[in-house]
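Structure file my_file24.txt (compact mmCIF, N, CA and C atoms) follows.
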# COMPACT_ATOMS: atom_id res chain seq x y z
N MET P 1 -78.15 1.04 -59.57
CA MET P 1 -79.22 1.60 -60.37
C MET P 1 -80.36 1.97 -59.42
N SER P 2 -80.83 3.20 -59.53
CA SER P 2 -81.88 3.66 -58.65
C SER P 2 -83.23 3.06 -59.05
N THR P 3 -84.17 3.19 -58.16
CA THR P 3 -85.50 2.62 -58.39
C THR P 3 -86.18 3.26 -59.59
N SER P 4 -86.05 4.58 -59.74
CA SER P 4 -86.72 5.24 -60.86
C SER P 4 -86.11 4.81 -62.20
N LYS P 5 -84.80 4.57 -62.22
CA LYS P 5 -84.19 4.08 -63.47
C LYS P 5 -84.66 2.66 -63.80
N LYS P 6 -84.83 1.85 -62.77
CA LYS P 6 -85.33 0.49 -63.00
C LYS P 6 -86.75 0.53 -63.54
N ILE P 7 -87.57 1.40 -62.97
CA ILE P 7 -88.95 1.52 -63.44
C ILE P 7 -88.99 2.01 -64.88
N LYS P 8 -88.15 2.99 -65.19
CA LYS P 8 -88.10 3.51 -66.55
C LYS P 8 -87.63 2.44 -67.53
N THR P 9 -86.65 1.64 -67.13
CA THR P 9 -86.15 0.56 -67.99
C THR P 9 -87.23 -0.48 -68.23
N ILE P 10 -87.97 -0.83 -67.18
CA ILE P 10 -89.05 -1.82 -67.33
C ILE P 10 -90.15 -1.28 -68.24
N LEU P 11 -90.50 -0.01 -68.09
CA LEU P 11 -91.53 0.58 -68.95
C LEU P 11 -91.10 0.61 -70.41
N LEU P 12 -89.86 1.02 -70.67
CA LEU P 12 -89.39 1.05 -72.06
C LEU P 12 -89.31 -0.35 -72.65
N ALA P 13 -88.85 -1.31 -71.86
CA ALA P 13 -88.77 -2.68 -72.35
C ALA P 13 -90.16 -3.24 -72.65
N SER P 14 -91.14 -2.89 -71.83
CA SER P 14 -92.50 -3.38 -72.09
C SER P 14 -93.09 -2.73 -73.34
N VAL P 15 -92.81 -1.46 -73.58
CA VAL P 15 -93.33 -0.79 -74.79
C VAL P 15 -92.72 -1.42 -76.04
N TYR P 16 -91.40 -1.58 -76.05
CA TYR P 16 -90.74 -2.18 -77.21
C TYR P 16 -91.11 -3.66 -77.36
N GLY P 17 -91.20 -4.37 -76.24
CA GLY P 17 -91.54 -5.79 -76.28
C GLY P 17 -92.94 -6.04 -76.80
N LEU P 18 -93.88 -5.20 -76.39
CA LEU P 18 -95.25 -5.33 -76.88
C LEU P 18 -95.32 -5.09 -78.38
N HIS P 19 -94.60 -4.09 -78.84
CA HIS P 19 -94.58 -3.79 -80.27
C HIS P 19 -93.97 -4.96 -81.06
N LEU P 20 -92.85 -5.48 -80.59
CA LEU P 20 -92.22 -6.60 -81.30
C LEU P 20 -93.06 -7.86 -81.23
N PHE P 21 -93.80 -8.04 -80.12
CA PHE P 21 -94.71 -9.18 -80.03
C PHE P 21 -95.81 -9.10 -81.09
N PHE P 22 -96.40 -7.91 -81.25
CA PHE P 22 -97.44 -7.74 -82.27
C PHE P 22 -96.86 -7.95 -83.67
N ALA P 23 -95.64 -7.50 -83.91
CA ALA P 23 -95.01 -7.70 -85.22
C ALA P 23 -94.81 -9.19 -85.50
N LEU P 24 -94.32 -9.92 -84.50
CA LEU P 24 -94.10 -11.35 -84.68
C LEU P 24 -95.42 -12.09 -84.89
N ALA P 25 -96.44 -11.74 -84.09
CA ALA P 25 -97.73 -12.40 -84.23
C ALA P 25 -98.36 -12.12 -85.59
N LEU P 26 -98.23 -10.87 -86.06
CA LEU P 26 -98.78 -10.53 -87.37
C LEU P 26 -98.04 -11.26 -88.48
N TRP P 27 -96.74 -11.37 -88.37
CA TRP P 27 -95.96 -12.10 -89.37
C TRP P 27 -96.35 -13.58 -89.38
N LEU P 28 -96.52 -14.17 -88.18
CA LEU P 28 -96.92 -15.57 -88.11
C LEU P 28 -98.32 -15.79 -88.67
N CYS P 29 -99.23 -14.82 -88.47
CA CYS P 29 -100.56 -14.92 -89.08
C CYS P 29 -100.47 -14.87 -90.60
N GLY P 30 -99.57 -14.06 -91.10
CA GLY P 30 -99.37 -14.00 -92.54
C GLY P 30 -98.83 -15.30 -93.10
N GLN P 31 -97.97 -15.96 -92.32
CA GLN P 31 -97.41 -17.23 -92.77
C GLN P 31 -98.44 -18.36 -92.74
N SER P 32 -99.31 -18.33 -91.72
CA SER P 32 -100.29 -19.42 -91.58
C SER P 32 -101.59 -19.15 -92.33
N GLY P 33 -101.84 -17.90 -92.71
CA GLY P 33 -103.04 -17.57 -93.45
C GLY P 33 -104.26 -17.35 -92.58
N ASN P 34 -104.08 -17.07 -91.31
CA ASN P 34 -105.19 -16.81 -90.40
C ASN P 34 -105.64 -15.36 -90.58
N ILE P 35 -106.68 -15.16 -91.39
CA ILE P 35 -107.09 -13.81 -91.80
C ILE P 35 -107.77 -13.05 -90.67
N MET P 36 -108.66 -13.67 -89.94
CA MET P 36 -109.41 -12.96 -88.90
C MET P 36 -108.49 -12.46 -87.79
N LEU P 37 -107.63 -13.32 -87.31
CA LEU P 37 -106.67 -12.90 -86.29
C LEU P 37 -105.71 -11.86 -86.86
N GLY P 38 -105.37 -11.99 -88.11
CA GLY P 38 -104.49 -11.02 -88.77
C GLY P 38 -105.10 -9.64 -88.81
N ILE P 39 -106.41 -9.54 -89.03
CA ILE P 39 -107.08 -8.24 -89.05
C ILE P 39 -107.00 -7.58 -87.68
N PHE P 40 -107.27 -8.34 -86.63
CA PHE P 40 -107.16 -7.79 -85.29
C PHE P 40 -105.73 -7.38 -84.96
N LEU P 41 -104.78 -8.19 -85.38
CA LEU P 41 -103.38 -7.86 -85.10
C LEU P 41 -102.91 -6.64 -85.89
N ILE P 42 -103.44 -6.44 -87.08
CA ILE P 42 -103.10 -5.23 -87.83
C ILE P 42 -103.56 -3.99 -87.06
N ILE P 43 -104.74 -4.06 -86.47
CA ILE P 43 -105.23 -2.92 -85.69
C ILE P 43 -104.33 -2.65 -84.50
N PHE P 44 -104.01 -3.70 -83.73
CA PHE P 44 -103.16 -3.51 -82.56
C PHE P 44 -101.73 -3.14 -82.93
N TYR P 45 -101.24 -3.70 -84.04
CA TYR P 45 -99.89 -3.38 -84.47
C TYR P 45 -99.80 -1.92 -84.93
N ARG P 46 -100.81 -1.46 -85.63
CA ARG P 46 -100.82 -0.05 -86.04
C ARG P 46 -100.85 0.87 -84.83
N LEU P 47 -101.67 0.55 -83.87
CA LEU P 47 -101.73 1.35 -82.65
C LEU P 47 -100.37 1.38 -81.96
N SER P 48 -99.74 0.23 -81.83
CA SER P 48 -98.44 0.20 -81.16
C SER P 48 -97.37 0.91 -81.99
N LEU P 49 -97.46 0.80 -83.31
CA LEU P 49 -96.47 1.45 -84.17
C LEU P 49 -96.54 2.97 -84.07
N TRP P 50 -97.74 3.50 -84.06
CA TRP P 50 -97.89 4.95 -84.05
C TRP P 50 -97.87 5.54 -82.65
N LEU P 51 -98.17 4.77 -81.64
CA LEU P 51 -98.16 5.30 -80.28
C LEU P 51 -96.85 5.06 -79.54
N THR P 52 -95.97 4.21 -80.07
CA THR P 52 -94.69 3.96 -79.41
C THR P 52 -93.85 5.22 -79.28
N PRO P 53 -93.70 6.07 -80.32
CA PRO P 53 -92.91 7.30 -80.12
C PRO P 53 -93.51 8.23 -79.06
N LEU P 54 -94.83 8.31 -79.00
CA LEU P 54 -95.47 9.14 -77.98
C LEU P 54 -95.21 8.58 -76.58
N THR P 55 -95.35 7.28 -76.44
CA THR P 55 -95.12 6.64 -75.15
C THR P 55 -93.66 6.77 -74.73
N VAL P 56 -92.75 6.60 -75.66
CA VAL P 56 -91.32 6.76 -75.36
C VAL P 56 -91.02 8.19 -74.94
N THR P 57 -91.67 9.17 -75.57
CA THR P 57 -91.48 10.57 -75.20
C THR P 57 -91.90 10.80 -73.75
N VAL P 58 -93.05 10.28 -73.39
CA VAL P 58 -93.53 10.45 -72.01
C VAL P 58 -92.60 9.76 -71.02
N ILE P 59 -92.17 8.55 -71.33
CA ILE P 59 -91.30 7.81 -70.42
C ILE P 59 -89.93 8.47 -70.29
N CYS P 60 -89.37 8.94 -71.40
CA CYS P 60 -88.03 9.54 -71.36
C CYS P 60 -88.00 10.84 -70.56
N TRP P 61 -89.09 11.57 -70.54
CA TRP P 61 -89.09 12.85 -69.83
C TRP P 61 -89.69 12.76 -68.44
N LEU P 62 -89.89 11.55 -67.94
CA LEU P 62 -90.30 11.40 -66.54
C LEU P 62 -89.18 11.88 -65.63
N PRO P 63 -89.50 12.52 -64.52
CA PRO P 63 -88.45 12.99 -63.62
C PRO P 63 -87.72 11.82 -62.96
N LEU P 64 -86.42 11.96 -62.82
CA LEU P 64 -85.58 10.93 -62.21
C LEU P 64 -85.01 11.43 -60.89
N ARG P 65 -84.72 10.51 -60.02
CA ARG P 65 -83.97 10.81 -58.81
C ARG P 65 -82.71 10.00 -58.86
N PRO P 66 -81.55 10.50 -58.75
CA PRO P 66 -81.13 11.91 -58.69
C PRO P 66 -81.34 12.59 -60.03
N ARG P 67 -81.34 13.91 -60.03
CA ARG P 67 -81.61 14.68 -61.25
C ARG P 67 -80.55 14.41 -62.31
N VAL P 68 -81.03 14.26 -63.53
CA VAL P 68 -80.17 14.03 -64.68
C VAL P 68 -80.14 15.32 -65.49
N PRO P 69 -78.96 15.75 -65.98
CA PRO P 69 -78.91 16.97 -66.79
C PRO P 69 -79.76 16.84 -68.05
N VAL P 70 -80.28 17.98 -68.50
CA VAL P 70 -81.17 18.00 -69.67
C VAL P 70 -80.44 17.49 -70.91
N ARG P 71 -79.16 17.80 -71.03
CA ARG P 71 -78.39 17.35 -72.19
C ARG P 71 -78.36 15.82 -72.27
N ARG P 72 -78.18 15.18 -71.13
CA ARG P 72 -78.14 13.72 -71.10
C ARG P 72 -79.53 13.13 -71.37
N LYS P 73 -80.58 13.76 -70.83
CA LYS P 73 -81.95 13.31 -71.11
C LYS P 73 -82.26 13.42 -72.59
N LEU P 74 -81.83 14.52 -73.21
CA LEU P 74 -82.08 14.73 -74.63
C LEU P 74 -81.37 13.68 -75.48
N LEU P 75 -80.14 13.35 -75.12
CA LEU P 75 -79.40 12.32 -75.84
C LEU P 75 -80.10 10.97 -75.70
N PHE P 76 -80.51 10.64 -74.48
CA PHE P 76 -81.24 9.40 -74.21
C PHE P 76 -82.52 9.35 -75.03
N TYR P 77 -83.23 10.47 -75.10
CA TYR P 77 -84.48 10.58 -75.85
C TYR P 77 -84.24 10.39 -77.34
N LEU P 78 -83.20 11.02 -77.88
CA LEU P 78 -82.91 10.90 -79.31
C LEU P 78 -82.53 9.48 -79.70
N VAL P 79 -81.80 8.80 -78.82
CA VAL P 79 -81.44 7.40 -79.10
C VAL P 79 -82.70 6.54 -79.16
N HIS P 80 -83.62 6.78 -78.25
CA HIS P 80 -84.86 5.99 -78.26
C HIS P 80 -85.74 6.35 -79.45
N LEU P 81 -85.74 7.59 -79.89
CA LEU P 81 -86.50 7.93 -81.10
C LEU P 81 -85.88 7.29 -82.34
N LEU P 82 -84.57 7.17 -82.37
CA LEU P 82 -83.92 6.44 -83.47
C LEU P 82 -84.33 4.97 -83.45
N PHE P 83 -84.45 4.41 -82.25
CA PHE P 83 -84.90 3.03 -82.14
C PHE P 83 -86.34 2.89 -82.62
N CYS P 84 -87.19 3.89 -82.33
CA CYS P 84 -88.57 3.88 -82.85
C CYS P 84 -88.56 3.96 -84.38
N GLY P 85 -87.64 4.72 -84.94
CA GLY P 85 -87.48 4.75 -86.39
C GLY P 85 -87.08 3.40 -86.93
N GLY P 86 -86.25 2.68 -86.17
CA GLY P 86 -85.89 1.31 -86.55
C GLY P 86 -87.10 0.38 -86.54
N LEU P 87 -88.03 0.63 -85.63
CA LEU P 87 -89.26 -0.17 -85.61
C LEU P 87 -90.09 0.08 -86.86
N PHE P 88 -90.15 1.33 -87.32
CA PHE P 88 -90.85 1.64 -88.57
C PHE P 88 -90.17 0.93 -89.74
N LEU P 89 -88.84 0.93 -89.75
CA LEU P 89 -88.10 0.25 -90.81
C LEU P 89 -88.35 -1.26 -90.76
N LEU P 90 -88.40 -1.83 -89.56
CA LEU P 90 -88.70 -3.25 -89.42
C LEU P 90 -90.08 -3.56 -89.98
N CYS P 91 -91.03 -2.66 -89.75
CA CYS P 91 -92.38 -2.83 -90.29
C CYS P 91 -92.35 -2.90 -91.81
N ASN P 92 -91.58 -2.01 -92.42
CA ASN P 92 -91.50 -2.00 -93.87
C ASN P 92 -90.79 -3.24 -94.39
N LEU P 93 -89.76 -3.69 -93.71
CA LEU P 93 -89.03 -4.86 -94.18
C LEU P 93 -89.85 -6.15 -94.01
N LEU P 94 -90.60 -6.25 -92.91
CA LEU P 94 -91.38 -7.48 -92.68
C LEU P 94 -92.62 -7.55 -93.55
N PHE P 95 -93.31 -6.43 -93.68
CA PHE P 95 -94.63 -6.47 -94.31
C PHE P 95 -94.71 -5.73 -95.63
N GLY P 96 -93.67 -4.97 -95.99
CA GLY P 96 -93.67 -4.26 -97.25
C GLY P 96 -94.62 -3.09 -97.27
N ASN P 97 -94.99 -2.58 -96.10
CA ASN P 97 -95.95 -1.50 -96.04
C ASN P 97 -95.68 -0.68 -94.78
N TRP P 98 -95.95 0.62 -94.84
CA TRP P 98 -95.81 1.48 -93.66
C TRP P 98 -97.17 1.56 -93.00
N TYR P 99 -97.51 0.60 -92.22
CA TYR P 99 -98.82 0.58 -91.57
C TYR P 99 -99.08 1.90 -90.92
I need this file expressed as structure tokens, please.
Amino acid sequence: MSTSKKIKTILLASVYGLHLFFALALWLCGQSGNIMLGIFLIIFYRLSLWLTPLTVTVICWLPLRPRVPVRRKLLFYLVHLLFCGGLFLLCNLLFGNWY
């Protein structure tokens, strides 16, 4: 695995991990009844929910060494956008709302 692929993998994992961390923290705040922390987490969770597809778009279209064909990049991009759609679905299933 080349260095640029490793960097891209780490960036994508951090974007998805941060989003899932906010979802878990918000769910735990809902379980414990911590309203003030829950308000802050709603703000950060909304930001991560709506900015994750944009961030994934930027990361997926970063240039790689060696060059990857556009068809393969597009397939990789579409799979990640489907995963972002899964994050929206997870939001609805956990909280009953499309933040």
Residues near region 74-84 of chain P, cut-off 7 Å, all atoms listed in the file, skip fewer than 2 positions along chain, as a PyMOL selection string: chain P and resi 52-53+56+60+69-72+86-89
Just list the residues in region 33-73 of chain P DSSP gives alpha helix (DSSP H) on the backbone, as a count of residues only. 30
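Atom to atom, CA of Ile43 (chain P) and CA of Leu11 (chain P) stand 21.9 Å apart.
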Please report the interatomic distance between CA of Ser2 (chain P) and CA of Gly17 (chain P) in Å with one decimal. 22.2 Å
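For the pair atom C of Met1 (chain P) and atom N of Thr55 (chain P), the interatomic distance is 23.3 Å.
The residue set within 7 Å of Tyr45 (chain P), counting only N, CA and C atoms and dropping same-chain residues fewer than 4 places from it, reads His19, Phe22, Ala23, Phe40, Leu41, Leu49 and Trp50 of chain P.
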Which polymer residues have any atom within 12 Å of an atom of Ile39 (chain P), counting only C-alpha atoms, with same-chain residues fewer than 3 positions away left out, as a PyMOL selection string? chain P and resi 22+25-27+29-30+33-36+42-46
Written file, previous selection with N, CA and C atoms, as a PDB file, keeping the file's coordinate frame:
ATOM      1  N   PHE P  22     -96.400  -7.910 -81.250  1.00  0.00           N
ATOM      2  CA  PHE P  22     -97.440  -7.740 -82.270  1.00  0.00           C
ATOM      3  C   PHE P  22     -96.860  -7.950 -83.670  1.00  0.00           C
ATOM      4  N   ALA P  25     -96.440 -11.740 -84.090  1.00  0.00           N
ATOM      5  CA  ALA P  25     -97.730 -12.400 -84.230  1.00  0.00           C
ATOM      6  C   ALA P  25     -98.360 -12.120 -85.590  1.00  0.00           C
ATOM      7  N   LEU P  26     -98.230 -10.870 -86.060  1.00  0.00           N
ATOM      8  CA  LEU P  26     -98.780 -10.530 -87.370  1.00  0.00           C
ATOM      9  C   LEU P  26     -98.040 -11.260 -88.480  1.00  0.00           C
ATOM     10  N   TRP P  27     -96.740 -11.370 -88.370  1.00  0.00           N
ATOM     11  CA  TRP P  27     -95.960 -12.100 -89.370  1.00  0.00           C
ATOM     12  C   TRP P  27     -96.350 -13.580 -89.380  1.00  0.00           C
ATOM     13  N   CYS P  29     -99.230 -14.820 -88.470  1.00  0.00           N
ATOM     14  CA  CYS P  29    -100.560 -14.920 -89.080  1.00  0.00           C
ATOM     15  C   CYS P  29    -100.470 -14.870 -90.600  1.00  0.00           C
ATOM     16  N   GLY P  30     -99.570 -14.060 -91.100  1.00  0.00           N
ATOM     17  CA  GLY P  30     -99.370 -14.000 -92.540  1.00  0.00           C
ATOM     18  C   GLY P  30     -98.830 -15.300 -93.100  1.00  0.00           C
ATOM     19  N   GLY P  33    -101.840 -17.900 -92.710  1.00  0.00           N
ATOM     20  CA  GLY P  33    -103.040 -17.570 -93.450  1.00  0.00           C
ATOM     21  C   GLY P  33    -104.260 -17.350 -92.580  1.00  0.00           C
ATOM     22  N   ASN P  34    -104.080 -17.070 -91.310  1.00  0.00           N
ATOM     23  CA  ASN P  34    -105.190 -16.810 -90.400  1.00  0.00           C
ATOM     24  C   ASN P  34    -105.640 -15.360 -90.580  1.00  0.00           C
ATOM     25  N   ILE P  35    -106.680 -15.160 -91.390  1.00  0.00           N
ATOM     26  CA  ILE P  35    -107.090 -13.810 -91.800  1.00  0.00           C
ATOM     27  C   ILE P  35    -107.770 -13.050 -90.670  1.00  0.00           C
ATOM     28  N   MET P  36    -108.660 -13.670 -89.940  1.00  0.00           N
ATOM     29  CA  MET P  36    -109.410 -12.960 -88.900  1.00  0.00           C
ATOM     30  C   MET P  36    -108.490 -12.460 -87.790  1.00  0.00           C
ATOM     31  N   ILE P  42    -103.440  -6.440 -87.080  1.00  0.00           N
ATOM     32  CA  ILE P  42    -103.100  -5.230 -87.830  1.00  0.00           C
ATOM     33  C   ILE P  42    -103.560  -3.990 -87.060  1.00  0.00           C
ATOM     34  N   ILE P  43    -104.740  -4.060 -86.470  1.00  0.00           N
ATOM     35  CA  ILE P  43    -105.230  -2.920 -85.690  1.00  0.00           C
ATOM     36  C   ILE P  43    -104.330  -2.650 -84.500  1.00  0.00           C
ATOM     37  N   PHE P  44    -104.010  -3.700 -83.730  1.00  0.00           N
ATOM     38  CA  PHE P  44    -103.160  -3.510 -82.560  1.00  0.00           C
ATOM     39  C   PHE P  44    -101.730  -3.140 -82.930  1.00  0.00           C
ATOM     40  N   TYR P  45    -101.240  -3.700 -84.040  1.00  0.00           N
ATOM     41  CA  TYR P  45     -99.890  -3.380 -84.470  1.00  0.00           C
ATOM     42  C   TYR P  45     -99.800  -1.920 -84.930  1.00  0.00           C
ATOM     43  N   ARG P  46    -100.810  -1.460 -85.630  1.00  0.00           N
ATOM     44  CA  ARG P  46    -100.820  -0.050 -86.040  1.00  0.00           C
ATOM     45  C   ARG P  46    -100.850   0.870 -84.830  1.00  0.00           C
TER      46      ARG P  46
END
